[in-house]
$ cat entry07.cif   # mmCIF, C-alpha atoms and all ligand atoms
data_start
loop_
_atom_site.label_atom_id
_atom_site.label_comp_id
_atom_site.auth_asym_id
_atom_site.auth_seq_id
_atom_site.Cartn_x
_atom_site.Cartn_y
_atom_site.Cartn_z
CA MET I 1354 -234.13 -14.84 -42.06
CA ASN I 1355 -235.78 -13.60 -45.22
CA ALA I 1356 -238.78 -15.93 -45.47
CA LEU I 1357 -240.93 -13.23 -47.09
CA GLY I 1358 -238.20 -11.67 -49.25
CA ASN I 1359 -239.62 -9.88 -52.34
CA LYS I 1360 -243.19 -10.73 -51.36
CA HIS I 1361 -245.91 -8.13 -51.73
CA ILE I 1362 -248.44 -8.32 -48.93
CA LEU I 1363 -251.63 -6.30 -48.94
CA LEU I 1364 -252.78 -6.09 -45.33
CA GLY I 1365 -256.50 -5.45 -44.87
CA VAL I 1366 -257.36 -4.01 -41.47
CA THR I 1367 -261.04 -4.25 -40.56
CA GLY I 1368 -262.95 -2.80 -37.62
CA GLY I 1369 -262.17 -4.80 -34.50
CA ILE I 1370 -260.33 -3.87 -31.32
CA ALA I 1371 -257.50 -6.21 -32.35
CA ALA I 1372 -256.67 -3.63 -35.05
CA TYR I 1373 -254.27 -2.21 -32.45
CA LYS I 1374 -251.98 -5.16 -33.25
CA ALA I 1375 -251.81 -4.27 -36.96
CA PRO I 1376 -248.78 -1.94 -36.75
CA GLU I 1377 -246.76 -4.63 -34.95
CA LEU I 1378 -247.81 -7.10 -37.65
CA VAL I 1379 -246.69 -4.73 -40.40
CA ARG I 1380 -243.30 -4.35 -38.74
CA ARG I 1381 -242.79 -8.09 -38.40
CA LEU I 1382 -243.81 -8.75 -42.01
CA ARG I 1383 -241.31 -6.15 -43.15
CA GLU I 1384 -238.59 -7.62 -40.92
CA LEU I 1385 -238.93 -10.84 -42.94
CA GLY I 1386 -238.45 -8.97 -46.18
CA ALA I 1387 -242.04 -8.31 -47.31
CA THR I 1388 -243.24 -5.06 -48.85
CA VAL I 1389 -246.52 -4.18 -47.15
CA GLN I 1390 -249.34 -1.93 -48.27
CA VAL I 1391 -252.36 -1.41 -46.05
CA VAL I 1392 -256.03 -1.13 -46.93
CA LEU I 1393 -258.00 0.24 -43.98
CA THR I 1394 -261.78 -0.19 -43.96
CA ALA I 1395 -264.04 2.59 -42.65
CA ALA I 1396 -264.63 0.64 -39.42
CA GLY I 1397 -260.93 -0.19 -39.15
CA GLY I 1398 -260.24 3.56 -39.30
CA ALA I 1399 -262.35 3.98 -36.16
CA PHE I 1400 -259.77 1.91 -34.23
CA ILE I 1401 -256.46 2.95 -35.75
CA THR I 1402 -255.30 5.88 -37.83
CA PRO I 1403 -253.96 5.75 -41.40
CA LEU I 1404 -251.01 7.82 -40.19
CA THR I 1405 -249.79 5.07 -37.84
CA LEU I 1406 -250.05 2.41 -40.54
CA GLN I 1407 -248.40 4.69 -43.08
CA ALA I 1408 -245.50 5.30 -40.71
CA VAL I 1409 -244.84 1.60 -40.06
CA SER I 1410 -245.43 0.42 -43.65
CA GLY I 1411 -243.57 3.29 -45.31
CA GLN I 1412 -246.39 3.42 -47.88
CA PRO I 1413 -249.57 5.48 -48.28
CA VAL I 1414 -252.60 3.77 -46.71
CA HIS I 1415 -255.57 3.02 -48.98
CA THR I 1416 -259.07 3.69 -47.71
CA GLN I 1417 -261.38 4.59 -50.59
CA LEU I 1418 -262.87 2.50 -53.39
CA LEU I 1419 -264.27 5.39 -55.33
CA SER I 1420 -261.54 7.97 -55.10
CA ALA I 1421 -260.40 9.82 -58.20
CA GLU I 1422 -256.86 9.92 -56.85
CA ALA I 1423 -256.72 6.22 -56.06
CA GLU I 1424 -258.36 5.12 -59.30
CA SER I 1425 -255.89 7.07 -61.37
CA GLY I 1426 -252.97 5.44 -59.58
CA MET I 1427 -253.37 2.28 -57.52
CA GLY I 1428 -257.04 1.31 -57.84
CA HIS I 1429 -258.44 -1.96 -56.52
CA ILE I 1430 -257.39 -3.87 -59.63
CA GLU I 1431 -253.81 -2.63 -59.44
CA LEU I 1432 -253.65 -3.40 -55.72
CA ALA I 1433 -255.06 -6.90 -56.30
CA ARG I 1434 -252.52 -7.51 -59.08
CA TRP I 1435 -249.68 -6.15 -56.99
CA ALA I 1436 -250.36 -8.45 -54.01
CA ASP I 1437 -248.85 -11.94 -53.72
CA LEU I 1438 -251.02 -12.31 -50.63
CA ILE I 1439 -253.97 -10.39 -49.28
CA LEU I 1440 -253.94 -10.86 -45.51
CA ILE I 1441 -256.95 -9.58 -43.58
CA ALA I 1442 -255.97 -9.15 -39.94
CA PRO I 1443 -257.97 -8.58 -37.90
CA CYS I 1444 -260.88 -9.95 -39.92
CA THR I 1445 -264.26 -9.18 -38.36
CA ALA I 1446 -267.33 -11.43 -38.53
CA ASP I 1447 -268.85 -8.87 -40.87
CA PHE I 1448 -265.92 -8.96 -43.27
CA MET I 1449 -265.94 -12.78 -43.26
CA ALA I 1450 -269.64 -12.62 -44.23
CA ARG I 1451 -268.96 -10.10 -46.99
CA LEU I 1452 -266.00 -12.06 -48.34
CA ALA I 1453 -268.03 -15.29 -48.31
CA GLN I 1454 -270.71 -13.50 -50.34
CA GLY I 1455 -268.26 -12.06 -52.85
CA ARG I 1456 -269.25 -8.42 -52.26
CA SER I 1457 -267.27 -5.53 -53.67
CA ASP I 1458 -268.76 -2.48 -52.01
CA ASP I 1459 -265.61 -1.20 -50.38
CA LEU I 1460 -261.95 -1.13 -51.39
CA LEU I 1461 -260.85 -4.20 -49.40
CA ALA I 1462 -263.75 -6.39 -50.56
CA ALA I 1463 -263.18 -5.28 -54.16
CA CYS I 1464 -259.45 -6.09 -53.93
CA CYS I 1465 -260.30 -9.60 -52.65
CA LEU I 1466 -262.79 -10.17 -55.44
CA ALA I 1467 -260.31 -9.00 -58.08
CA SER I 1468 -257.43 -11.04 -56.66
CA ARG I 1469 -256.08 -14.08 -58.45
CA GLY I 1470 -253.53 -14.67 -55.70
CA ALA I 1471 -253.72 -16.03 -52.18
CA ILE I 1472 -256.13 -14.61 -49.63
CA ALA I 1473 -255.82 -15.27 -45.90
CA VAL I 1474 -258.03 -14.15 -43.05
CA ALA I 1475 -257.16 -13.95 -39.36
CA PRO I 1476 -260.54 -13.82 -37.61
CA ALA I 1477 -260.91 -11.75 -34.44
CA MET I 1478 -264.24 -11.37 -32.72
CA ASN I 1479 -266.30 -12.09 -29.61
CA ALA I 1480 -266.55 -15.83 -28.86
CA GLY I 1481 -270.32 -15.84 -29.36
CA MET I 1482 -270.01 -14.23 -32.78
CA TRP I 1483 -267.35 -16.78 -33.75
CA ASP I 1484 -269.46 -19.72 -32.58
CA SER I 1485 -272.63 -18.48 -34.31
CA ALA I 1486 -274.10 -20.68 -37.01
CA ALA I 1487 -273.77 -17.89 -39.58
CA THR I 1488 -270.04 -17.27 -38.94
CA GLN I 1489 -269.29 -21.00 -38.97
CA ARG I 1490 -271.21 -21.29 -42.26
CA ASN I 1491 -269.20 -18.38 -43.70
CA LEU I 1492 -265.98 -20.02 -42.46
CA ARG I 1493 -266.82 -23.25 -44.31
CA GLN I 1494 -267.62 -21.24 -47.45
CA LEU I 1495 -264.33 -19.33 -47.26
CA ILE I 1496 -262.34 -22.54 -46.83
CA ALA I 1497 -264.21 -24.11 -49.76
CA ASP I 1498 -263.32 -21.01 -51.82
CA GLY I 1499 -259.62 -21.59 -51.07
CA VAL I 1500 -259.21 -18.79 -48.51
CA GLN I 1501 -256.58 -19.59 -45.87
CA VAL I 1502 -257.75 -19.15 -42.30
CA PHE I 1503 -255.23 -18.30 -39.57
CA GLY I 1504 -256.63 -18.89 -36.06
CA PRO I 1505 -258.47 -17.65 -34.14
CA ALA I 1506 -256.82 -18.42 -30.81
CA SER I 1507 -258.76 -18.84 -27.63
CA GLY I 1508 -258.27 -16.96 -24.38
CA SER I 1509 -259.46 -13.79 -22.67
CA GLN I 1510 -261.13 -11.25 -24.92
CA ALA I 1511 -261.44 -7.46 -24.91
CA CYS I 1512 -265.20 -7.85 -24.29
CA GLY I 1513 -264.47 -9.61 -20.98
CA GLU I 1514 -265.40 -13.08 -22.18
CA VAL I 1515 -263.09 -16.05 -22.41
CA GLY I 1516 -263.31 -18.24 -25.47
CA GLU I 1517 -262.39 -18.61 -29.10
CA GLY I 1518 -262.03 -15.51 -31.23
CA ARG I 1519 -258.72 -13.88 -30.30
CA LEU I 1520 -256.50 -12.68 -33.11
CA LEU I 1521 -253.35 -14.80 -33.39
CA GLU I 1522 -250.26 -12.97 -32.17
CA PRO I 1523 -248.30 -11.06 -34.86
CA ALA I 1524 -245.40 -13.55 -34.63
CA GLU I 1525 -247.79 -16.46 -35.28
CA LEU I 1526 -249.44 -14.65 -38.17
CA VAL I 1527 -246.09 -13.94 -39.79
CA ALA I 1528 -245.14 -17.63 -39.47
CA CYS I 1529 -248.45 -18.59 -41.11
CA CYS I 1530 -247.74 -16.20 -44.00
CA ALA I 1531 -244.21 -17.57 -44.49
CA GLY I 1532 -245.68 -21.09 -44.59
CA LEU I 1533 -247.99 -20.11 -47.48
CA PHE I 1534 -245.32 -19.48 -50.05
CA GLY I 1535 -243.93 -22.35 -52.09
CA THR I 1536 -240.69 -23.15 -50.38
CA ASN I 1537 -239.07 -25.70 -52.69
CA ALA I 1538 -238.33 -27.38 -49.37
CA LEU I 1539 -239.10 -30.83 -50.80
CA THR I 1540 -237.88 -30.47 -54.38
CA ASP I 1541 -237.82 -33.89 -56.08
CA LYS I 1542 -238.53 -35.77 -52.86
CA GLN I 1543 -240.79 -38.82 -53.25
CA VAL I 1544 -243.66 -38.59 -50.78
CA LEU I 1545 -246.30 -41.24 -50.06
CA ILE I 1546 -249.37 -40.13 -48.11
CA THR I 1547 -252.38 -42.08 -46.85
CA ALA I 1548 -255.67 -40.23 -46.28
CA GLY I 1549 -259.30 -40.73 -45.35
CA PRO I 1550 -261.04 -43.56 -43.53
CA THR I 1551 -260.96 -47.24 -44.34
CA LEU I 1552 -264.24 -49.13 -44.61
CA GLU I 1553 -264.41 -52.70 -43.38
CA ASP I 1554 -267.20 -54.70 -44.99
CA MET I 1555 -269.53 -56.82 -42.83
CA ASP I 1556 -271.68 -58.01 -45.70
CA PRO I 1557 -272.53 -56.71 -49.20
CA VAL I 1558 -274.44 -53.69 -47.82
CA ARG I 1559 -272.91 -52.83 -44.43
CA TYR I 1560 -269.50 -51.77 -43.24
CA LEU I 1561 -267.62 -50.46 -40.20
CA GLY I 1562 -266.14 -47.02 -40.81
CA ASN I 1563 -265.09 -43.80 -39.07
CA ARG I 1564 -265.60 -40.04 -39.35
CA SER I 1565 -262.40 -39.17 -41.19
CA SER I 1566 -263.11 -36.80 -44.11
CA GLY I 1567 -259.63 -37.09 -45.69
CA ARG I 1568 -259.22 -33.29 -45.68
CA MET I 1569 -255.96 -33.26 -43.73
CA GLY I 1570 -254.30 -35.91 -45.93
CA TYR I 1571 -255.47 -34.22 -49.14
CA ALA I 1572 -254.25 -30.83 -47.86
CA LEU I 1573 -250.88 -32.44 -47.04
CA ALA I 1574 -250.67 -33.89 -50.54
CA ALA I 1575 -251.28 -30.43 -52.06
CA ALA I 1576 -248.81 -28.76 -49.68
CA ALA I 1577 -246.08 -31.35 -50.39
CA ARG I 1578 -246.69 -30.93 -54.14
CA ASP I 1579 -246.40 -27.13 -53.76
CA ALA I 1580 -243.11 -27.64 -51.92
CA GLY I 1581 -241.77 -29.45 -55.00
CA ALA I 1582 -242.32 -33.10 -54.01
CA VAL I 1583 -243.50 -35.94 -56.27
CA VAL I 1584 -246.59 -37.05 -54.39
CA THR I 1585 -248.56 -40.32 -54.34
CA LEU I 1586 -251.78 -40.23 -52.34
CA ILE I 1587 -253.47 -43.47 -51.26
CA SER I 1588 -257.00 -42.59 -50.23
CA GLY I 1589 -259.86 -44.38 -48.54
CA PRO I 1590 -263.39 -43.47 -49.70
CA VAL I 1591 -263.90 -39.68 -49.36
CA ALA I 1592 -266.01 -36.99 -50.99
CA LEU I 1593 -263.08 -34.79 -52.05
CA ALA I 1594 -261.87 -33.70 -55.49
CA GLU I 1595 -258.67 -35.27 -56.83
CA PRO I 1596 -255.78 -32.87 -56.09
CA PRO I 1597 -254.13 -31.80 -59.36
CA GLY I 1598 -250.51 -32.83 -59.89
CA VAL I 1599 -250.73 -35.75 -57.45
CA THR I 1600 -250.94 -39.49 -58.27
CA LEU I 1601 -254.12 -40.71 -56.57
CA LEU I 1602 -254.91 -44.35 -55.77
CA ARG I 1603 -258.29 -45.16 -54.30
CA VAL I 1604 -258.70 -48.04 -51.87
CA ARG I 1605 -261.49 -49.20 -49.56
CA SER I 1606 -260.33 -51.37 -46.67
CA ALA I 1607 -257.26 -51.34 -44.42
CA SER I 1608 -256.04 -54.48 -46.19
CA ASP I 1609 -256.32 -52.72 -49.59
CA MET I 1610 -254.44 -49.73 -48.18
CA HIS I 1611 -251.78 -51.99 -46.67
CA HIS I 1612 -251.16 -53.67 -50.04
CA ALA I 1613 -251.12 -50.36 -51.91
CA VAL I 1614 -248.59 -48.87 -49.46
CA LEU I 1615 -246.28 -51.90 -49.53
CA GLU I 1616 -246.30 -51.91 -53.33
CA ARG I 1617 -245.13 -48.31 -53.51
CA ILE I 1618 -243.03 -47.71 -50.40
CA ALA I 1619 -239.63 -48.66 -51.86
CA GLY I 1620 -237.66 -45.55 -52.82
CA MET I 1621 -239.94 -43.14 -50.94
CA ASP I 1622 -238.18 -40.35 -49.02
CA ILE I 1623 -241.16 -39.54 -46.80
CA PHE I 1624 -244.23 -41.49 -45.65
CA ILE I 1625 -247.12 -39.63 -43.99
CA GLY I 1626 -249.81 -41.86 -42.47
CA ALA I 1627 -252.71 -39.40 -42.23
CA ALA I 1628 -255.41 -42.01 -42.88
CA ALA I 1629 -257.70 -43.11 -40.07
CA VAL I 1630 -257.03 -46.78 -40.67
CA ALA I 1631 -259.48 -49.14 -38.95
CA ASP I 1632 -257.71 -51.09 -36.23
CA TYR I 1633 -260.09 -54.06 -36.64
CA ARG I 1634 -262.13 -55.67 -39.41
CA PRO I 1635 -264.85 -58.33 -39.32
CA ALA I 1636 -263.17 -61.76 -39.15
CA GLN I 1637 -265.30 -62.78 -42.10
CA ALA I 1638 -267.37 -60.61 -44.38
CA SER I 1639 -270.62 -62.44 -45.01
CA ALA I 1640 -271.24 -63.11 -48.70
CA ARG I 1641 -274.96 -62.50 -48.10
CA LYS I 1642 -276.79 -59.73 -46.30
CA ILE I 1643 -276.91 -60.58 -42.59
CA LYS I 1644 -280.56 -61.12 -41.59
CA LYS I 1645 -282.12 -59.60 -38.49
CA ASP I 1646 -283.50 -62.91 -37.25
CA GLN I 1647 -281.54 -63.01 -33.98
CA GLU I 1648 -282.08 -60.88 -30.88
CA HIS I 1649 -278.32 -60.40 -30.41
CA LEU I 1650 -275.67 -60.39 -33.06
CA THR I 1651 -272.02 -60.89 -32.19
CA LEU I 1652 -269.49 -59.73 -34.70
CA GLU I 1653 -266.00 -61.15 -34.40
CA LEU I 1654 -263.26 -58.68 -35.27
CA VAL I 1655 -259.62 -59.32 -36.07
CA ARG I 1656 -256.69 -56.88 -35.99
CA ASN I 1657 -255.69 -55.06 -39.15
CA PRO I 1658 -252.01 -54.61 -39.94
CA ASP I 1659 -250.56 -51.38 -38.51
CA ILE I 1660 -249.40 -49.80 -41.77
CA LEU I 1661 -247.52 -46.96 -40.14
CA ALA I 1662 -245.61 -49.15 -37.69
CA GLU I 1663 -244.74 -51.54 -40.51
CA VAL I 1664 -243.35 -48.74 -42.67
CA ALA I 1665 -241.36 -47.36 -39.72
CA ALA I 1666 -239.86 -50.82 -39.09
CA ARG I 1667 -238.44 -51.15 -42.61
CA SER I 1668 -234.75 -50.86 -43.39
CA PRO I 1669 -233.96 -48.64 -45.15
CA ARG I 1670 -237.06 -46.65 -44.37
CA PRO I 1671 -238.53 -43.31 -45.35
CA PHE I 1672 -238.81 -40.38 -42.94
CA THR I 1673 -241.98 -41.59 -41.24
CA VAL I 1674 -244.75 -39.30 -39.99
CA GLY I 1675 -247.85 -40.40 -38.10
CA PHE I 1676 -250.94 -38.81 -36.65
CA ALA I 1677 -252.42 -39.30 -33.22
CA ALA I 1678 -256.10 -38.58 -32.75
CA GLU I 1679 -257.09 -38.86 -29.12
CA THR I 1680 -260.05 -37.78 -27.04
CA ASP I 1681 -257.93 -37.08 -23.92
CA ASP I 1682 -254.34 -36.81 -22.68
CA VAL I 1683 -253.19 -36.23 -26.26
CA LEU I 1684 -249.56 -35.33 -25.63
CA THR I 1685 -248.80 -38.32 -23.39
CA TYR I 1686 -250.30 -40.77 -25.86
CA ALA I 1687 -248.65 -39.07 -28.81
CA ARG I 1688 -245.18 -39.15 -27.23
CA ARG I 1689 -245.69 -42.85 -26.39
CA LYS I 1690 -246.83 -43.59 -29.96
CA LEU I 1691 -243.83 -41.72 -31.39
CA GLU I 1692 -241.53 -43.99 -29.37
CA ASP I 1693 -243.47 -47.29 -29.65
CA LYS I 1694 -243.90 -47.03 -33.41
CA ASN I 1695 -240.40 -45.60 -33.84
CA LEU I 1696 -241.61 -42.58 -35.83
CA ASP I 1697 -239.61 -39.54 -36.92
CA LEU I 1698 -242.47 -37.14 -36.23
CA ILE I 1699 -246.06 -37.26 -35.00
CA ALA I 1700 -248.87 -34.71 -35.32
CA ALA I 1701 -251.29 -34.94 -32.42
CA ASN I 1702 -254.80 -33.58 -32.30
CA LEU I 1703 -257.76 -33.74 -29.95
CA VAL I 1704 -260.81 -35.30 -31.53
CA GLY I 1705 -264.37 -35.29 -30.31
CA ALA I 1706 -267.59 -33.42 -30.96
CA GLY I 1707 -266.81 -30.82 -33.64
CA GLN I 1708 -263.06 -31.24 -33.33
CA GLY I 1709 -260.40 -32.90 -35.45
CA PHE I 1710 -262.45 -35.24 -37.64
CA ASP I 1711 -264.80 -34.12 -40.39
CA VAL I 1712 -264.32 -30.39 -39.73
CA ALA I 1713 -262.55 -27.78 -41.80
CA ASP I 1714 -260.03 -26.55 -39.27
CA ASN I 1715 -257.87 -27.99 -36.54
CA ALA I 1716 -254.89 -27.38 -34.23
CA LEU I 1717 -251.89 -29.69 -33.93
CA SER I 1718 -249.11 -30.44 -31.48
CA VAL I 1719 -246.16 -31.74 -33.44
CA LEU I 1720 -243.64 -33.95 -31.63
CA TRP I 1721 -240.36 -35.50 -32.66
CA PRO I 1722 -237.56 -37.16 -30.68
CA GLY I 1723 -236.25 -34.31 -28.50
CA GLY I 1724 -238.62 -31.59 -29.72
CA GLN I 1725 -242.13 -30.22 -29.95
CA GLN I 1726 -243.98 -27.38 -31.69
CA GLU I 1727 -247.57 -26.15 -31.43
CA LEU I 1728 -249.40 -25.25 -34.62
CA PRO I 1729 -252.31 -23.03 -33.52
CA ARG I 1730 -255.83 -23.48 -34.84
CA ALA I 1731 -256.05 -22.81 -38.57
CA SER I 1732 -257.69 -24.22 -41.68
CA LYS I 1733 -256.37 -27.64 -42.68
CA PRO I 1734 -254.61 -26.31 -45.84
CA THR I 1735 -252.79 -23.74 -43.67
CA LEU I 1736 -251.82 -26.36 -41.10
CA ALA I 1737 -250.71 -28.72 -43.86
CA ARG I 1738 -248.29 -26.13 -45.25
CA GLN I 1739 -246.84 -25.51 -41.81
CA LEU I 1740 -246.53 -29.22 -41.16
CA VAL I 1741 -244.81 -29.85 -44.51
CA LYS I 1742 -242.35 -27.07 -43.69
CA LEU I 1743 -241.59 -28.72 -40.33
CA ILE I 1744 -241.24 -32.15 -41.95
CA ALA I 1745 -238.74 -30.70 -44.45
CA GLU I 1746 -236.75 -29.10 -41.61
CA ARG I 1747 -236.68 -32.32 -39.56
CA LEU I 1748 -235.77 -34.36 -42.66
CA ARG I 1749 -232.79 -32.06 -43.29
CA ALA I 1750 -231.79 -32.23 -39.61
CA SER I 1751 -231.91 -36.04 -39.64
CA ALA I 1752 -229.89 -36.43 -42.86
O1 LIG S 1 -251.92 -46.33 -32.92
P1 LIG S 1 -252.90 -45.49 -33.67
O2 LIG S 1 -253.82 -46.27 -34.55
O3 LIG S 1 -253.66 -44.52 -32.81
O4 LIG S 1 -251.95 -44.58 -34.59
C1 LIG S 1 -252.43 -43.62 -35.42
C2 LIG S 1 -251.54 -43.53 -36.64
O5 LIG S 1 -251.26 -44.84 -37.12
C3 LIG S 1 -252.20 -42.80 -37.78
O6 LIG S 1 -251.21 -42.02 -38.41
C4 LIG S 1 -252.71 -43.90 -38.68
O7 LIG S 1 -252.72 -43.55 -40.02
C5 LIG S 1 -251.74 -45.03 -38.43
N1 LIG S 1 -252.34 -46.35 -38.49
C6 LIG S 1 -251.98 -47.21 -39.50
N2 LIG S 1 -252.50 -48.47 -39.57
C7 LIG S 1 -253.36 -48.91 -38.64
C8 LIG S 1 -253.76 -48.03 -37.59
C9 LIG S 1 -253.21 -46.77 -37.55
O8 LIG S 1 -251.19 -46.83 -40.36
N3 LIG S 1 -253.89 -50.12 -38.74
#
$ encode --input "entry07.cif" --output "structure tokens" --more "lines below"
Ligand code: C5P
Amino acid sequence: MNALGNKHILLGVTGGIAAYKAPELVRRLRELGATVQVVLTAAGGAFITPLTLQAVSGQPVHTQLLSAEAESGMGHIELARWADLILIAPCTADFMARLAQGRSDDLLAACCLASRGAIAVAPAMNAGMWDSAATQRNLRQLIADGVQVFGPASGSQACGEVGEGRLLEPAELVACCAGLFGTNALTDKQVLITAGPTLEDMDPVRYLGNRSSGRMGYALAAAARDAGAVVTLISGPVALAEPPGVTLLRVRSASDMHHAVLERIAGMDIFIGAAAVADYRPAQASARKIKKDQEHLTLELVRNPDILAEVAARSPRPFTVGFAAETDDVLTYARRKLEDKNLDLIAANLVGAGQGFDVADNALSVLWPGGQQELPRASKPTLARQLVKLIAERLRASA
């Protein structure tokens, strides 16, 4: 496999104990065809020597921003231009903070600031540092700036604690990197995606809604576009920018979304139902604002059409992908949903306080008839690219 053939990867190694995994990461990146150069920060150099990284990368290791030698040859601008991807692994809490601030006071930070290409971070730190308000704020800023975030995983840590903050394993990091590059995996495929919540009006001022932000569906639309697909996105009300190069249709209720999907489904190769479609709507939306003159108010609800199941029941039908958001027993429910709705693939995630909905990152279990794959916690754009790659593989396998 040559998933990273001809790619230039600048690996930034910052000062965390997980730096001991960097040489293994370099080897695996090179095995997939990448050329790797390493920038080692001062703190990174306290954990691992330049000599080790030079030996495994086959290239001199860069450590200084203000070095006459480096500036005459490969200074930070040249390194930033050279790199198709800057991958920072391990990325400490401190480096996340500095990247979020746009600092340029060492070679790695300066390379990131000068880069016009992709930047990815693989955080590795103590669970308390990861959970801190400041790190979570920096994480949101990095994601908003377009930085890809790989992990972290949870488990036992070098500090003796158990929790979130472990560096992803080198094999997982390499798979994340491969997923970043435009694959042409869906060239000319027609893809219809639903995203966001639906809002079900009760009266002219009130509605029933849910916490979906639309981020996953929008990230999927961008990832499918980058893989060469012609993408139509049908979106409930969200506060997200229109993704360039995608046809966007805005709807409000489940009924609106249902109509919009049925109008456009013919000829689609793939349908991805990422929207959190309301299962019920008020039986009748009141034409006037409902007054608070009764002690109890009973609202009668009626079932909305199940858009995903309806698409999956068509003949011929597109390759049909659903999502399962559950608060418990995710895999059992997801497998049942895959079978009951007759889907080709389902992406399952746990939702609840701070998980799944309305947050910037997530983890998915992807199931299909006869198979399953875990996509470890990552930013939604990163997960979306991995999911699109899997969808393309399953589509080819089912053809
Ligand atoms: O059965 P459940 O609603 O949990 O299934 C979730 C999946 O079904 C999601 O992908 C969602 O977009 C889709 N769905 C739908 N129409 C509905 C309800 C859910 O398309 N009315």
$ atom_distance --input "entry07.cif" --atom1 "atom CA of Ala1396 of chain I" --atom2 "atom CA of Gly1365 of chain I"
11.5 Å
$ closest_residue --input "entry07.cif" --among "I:Thr1651, I:Val1704, I:Ile1618, I:Gly1428" --to "Glu1663 of chain I" --atoms "only C-alpha atoms"
I:Ile1618
$ closest_residue --input "entry07.cif" --among "I:Val1614, I:Leu1432, I:Ala1752, I:Met1569" --to "Asn1715 of chain I" --atoms "only C-alpha atoms"
I:Met1569
$ residues_around --input "entry07.cif" --residues "Gly1723 of chain I" --least-positions-apart "3" --cutoff "12 Å" --atoms "all atoms listed in the file" --output "list in words"
Arg1688, Leu1691, Glu1692, Asp1697, Leu1698, Val1719, Leu1720, Gln1726 and Arg1747 of chain I
$ closest_residue --input "entry07.cif" --among "I:Gly1620, I:Gly1581, I:Gly1724, I:Gly1358" --to "Asp1541 of chain I" --atoms "only C-alpha atoms"
I:Gly1581
$ closest_residue --input "entry07.cif" --among "I:Asp1609, I:Asp1646, I:Asp1554, I:Glu1384" --to "ligand LIG 1 (chain S)" --atoms "all atoms listed in the file"
I:Asp1609
$ closest_residue --input "entry07.cif" --among "I:Gly1562, I:Gly1675, I:Gly1411, I:Gly1570" --to "ligand LIG 1 (chain S)" --atoms "all atoms listed in the file"
I:Gly1675
$ atom_distance --input "entry07.cif" --atom1 "atom O7 of ligand LIG 1 (chain S)" --atom2 "atom CA of Ser1751 of chain I"
22.1 Å
$ closest_atom_pairs --input "entry07.cif" --of "chain I" --to "ligand LIG 1 (chain S)" --cutoff "6 Å" --atoms "all atoms listed in the file" --output "CSV"
residue,atom,partner,partner_atom,distance
I:Gly1626,CA,S:LIG1,O7,4.2
I:Ala1627,CA,S:LIG1,O7,4.7
I:Ala1628,CA,S:LIG1,O7,4.2
I:Ala1629,CA,S:LIG1,O7,5.0
I:Val1630,CA,S:LIG1,C8,4.7
I:Ala1631,CA,S:LIG1,N3,5.7
I:Asp1632,CA,S:LIG1,N3,4.7
I:Asn1657,CA,S:LIG1,N3,5.3
I:Pro1658,CA,S:LIG1,N3,5.0
I:Asp1659,CA,S:LIG1,N3,3.6
I:Ile1660,CA,S:LIG1,O8,3.7
I:Leu1661,CA,S:LIG1,O8,3.7
I:Gly1675,CA,S:LIG1,O6,3.7
I:Phe1676,CA,S:LIG1,O6,3.7
I:Ala1677,CA,S:LIG1,C1,4.8
$ closest_atom_pairs --input "entry07.cif" --of "segment 1595-1622 of chain I" --to "segment 1543-1553 of chain I" --cutoff "6 Å" --atoms "all atoms listed in the file" --output "JSON lines"
{"residue": "I:Arg1605", "atom": "CA", "partner": "I:Thr1551", "partner_atom": "CA", "distance": 5.6}
{"residue": "I:Ser1606", "atom": "CA", "partner": "I:Thr1551", "partner_atom": "CA", "distance": 4.8}
{"residue": "I:Ala1607", "atom": "CA", "partner": "I:Thr1551", "partner_atom": "CA", "distance": 5.5}
{"residue": "I:Met1621", "atom": "CA", "partner": "I:Gln1543", "partner_atom": "CA", "distance": 5.0}
{"residue": "I:Asp1622", "atom": "CA", "partner": "I:Gln1543", "partner_atom": "CA", "distance": 5.2}
$ write_last_selection --input "entry07.cif" --atoms "C-alpha atoms" --output "PDB file, in the frame of the given file"
ATOM      1  CA  ARG I1605    -261.490 -49.200 -49.560  1.00  0.00           C
ATOM      2  CA  SER I1606    -260.330 -51.370 -46.670  1.00  0.00           C
ATOM      3  CA  ALA I1607    -257.260 -51.340 -44.420  1.00  0.00           C
ATOM      4  CA  MET I1621    -239.940 -43.140 -50.940  1.00  0.00           C
ATOM      5  CA  ASP I1622    -238.180 -40.350 -49.020  1.00  0.00           C
TER       6      ASP I1622
END
$ atom_distance --input "entry07.cif" --atom1 "atom CA of Arg1451 of chain I" --atom2 "atom CA of Leu1393 of chain I"
15.4 Å
$ residues_around --input "entry07.cif" --residues "Ala1436 of chain I" --least-positions-apart "4" --cutoff "6 Å" --atoms "all atoms listed in the file" --output "ChimeraX atom specification"
/I:1361-1363
$ residues_around --input "entry07.cif" --residues "segment 1505-1514 of chain I" --least-positions-apart "3" --cutoff "12 Å" --atoms "only C-alpha atoms" --output "ChimeraX atom specification"
/I:1369-1373,1442-1446,1474-1484,1492,1502,1517-1523,1525-1526,1714-1716,1728-1732
$ residues_around --input "entry07.cif" --residues "Leu1573 of chain I" --least-positions-apart "3" --cutoff "9 Å" --atoms "only C-alpha atoms" --output "list in words"
Ile1546, Arg1568, Met1569, Gly1570, Ala1576, Ala1577, Arg1578, Ile1625, Ala1627, Lys1733, Pro1734, Leu1736, Ala1737, Arg1738, Leu1740 and Val1741 of chain I
